[in-house]
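To keep things clear, I will list the structure first and then write my remarks on it.
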Amino acid sequence: RERCGADWAVATTGVAGPEPQDGKPVGLVYVAVAGPGGPTVRKLGLDGGREHIRAAAVIEALRLLTERIDALATAAR
């Protein structure tokens, strides 16, 4: 985030399938957001096929970003 001069950064990693990877189950996903207040990481256990897991991971990452921005805006009031 600092290297790119960005205010916010969003990241995802995990196993979308179709097979487990390195002993990790399909659907194990982590989403992270880093911003002015520091980083936040959320562990998810998602169900469904590969495309569903990938889409759900994006939705959850954006949900976490929205929560962090809202919290920062509320704290500034």
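Residue numbering restarts at 1 in every chain; chains get A, B, ... in the order shown in the structure tokens, and ligands count up from 1 in that same order.
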Report task. Name the residues in contact with stretch 32-41 of chain A at a cut-off of 9 Å, using only C-alpha atoms, excluding same-chain residues fewer than 5 positions from it; report them as a ChimeraX atom specification. Result -> /A:1,6-13,61-62,64-65,68-69,72
**Report entry** Sel. of alpha helix (DSSP H) residues, chain A, as a VMD selection string
**Finding:** chain A and resid 50 to 76
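The neighbours of A:Leu28 here are the residues that come within 6 Å of it, using only C-alpha atoms and leaving out any residue fewer than 5 positions away in the same chain; they are Gly14, Val15, Leu44 and Gly45 of chain A.
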Next, the residues of the selection above should be written as a PDB file, in the first residue's frame with N, CA and C atoms.
```
ATOM      1  N   GLY A  14      -6.517 -18.234  -1.055  1.00  0.00           N
ATOM      2  CA  GLY A  14      -7.252 -19.392  -0.569  1.00  0.00           C
ATOM      3  C   GLY A  14      -7.340 -20.483  -1.610  1.00  0.00           C
ATOM      4  N   VAL A  15      -8.258 -21.410  -1.346  1.00  0.00           N
ATOM      5  CA  VAL A  15      -8.434 -22.579  -2.204  1.00  0.00           C
ATOM      6  C   VAL A  15      -9.848 -22.564  -2.773  1.00  0.00           C
ATOM      7  N   LEU A  44     -12.494 -17.188   5.967  1.00  0.00           N
ATOM      8  CA  LEU A  44     -13.812 -17.603   5.497  1.00  0.00           C
ATOM      9  C   LEU A  44     -13.820 -19.090   5.177  1.00  0.00           C
ATOM     10  N   GLY A  45     -14.936 -19.717   5.390  1.00  0.00           N
ATOM     11  CA  GLY A  45     -15.173 -21.086   4.947  1.00  0.00           C
ATOM     12  C   GLY A  45     -16.324 -21.051   3.964  1.00  0.00           C
TER      13      GLY A  45
END
```
Query raised in the report: With only C-alpha atoms as the basis for distance, which of A:Cys4, A:Ala76, A:Ala57, A:Ala71 is at the shortest distance from A:Gly27?
Result: A:Ala57
Requested in this report: Please indicate the distance in Å from atom CA of A:Asp22 to atom CA of A:Gly48, rounded to one decimal place.
Outcome: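 If I compute the distance from atom CA of A:Asp22 to atom CA of A:Gly48, I get 19.4 Å.
Residue nearest A:Arg42, chosen from A:Arg77, A:Arg54, A:Arg63, A:Lys24 and counting only C-alpha atoms: A:Arg63.
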Requested in this report: Quick one: pick out all strand (DSSP E or B) residues within chain A from a backbone DSSP run and write them as a list in words.
Outcome: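 Matching residues for strand (DSSP E or B) in chain A are Ala9, Val10, Ala11, Thr12, Thr13, Gly14, Gln21, Lys24, Leu28, Val29, Tyr30, Val31, Ala32, Val33, Ala34, Gly35, Gly38, Pro39, Thr40, Val41, Arg42, Lys43, Leu44 and Gly45 of chain A.
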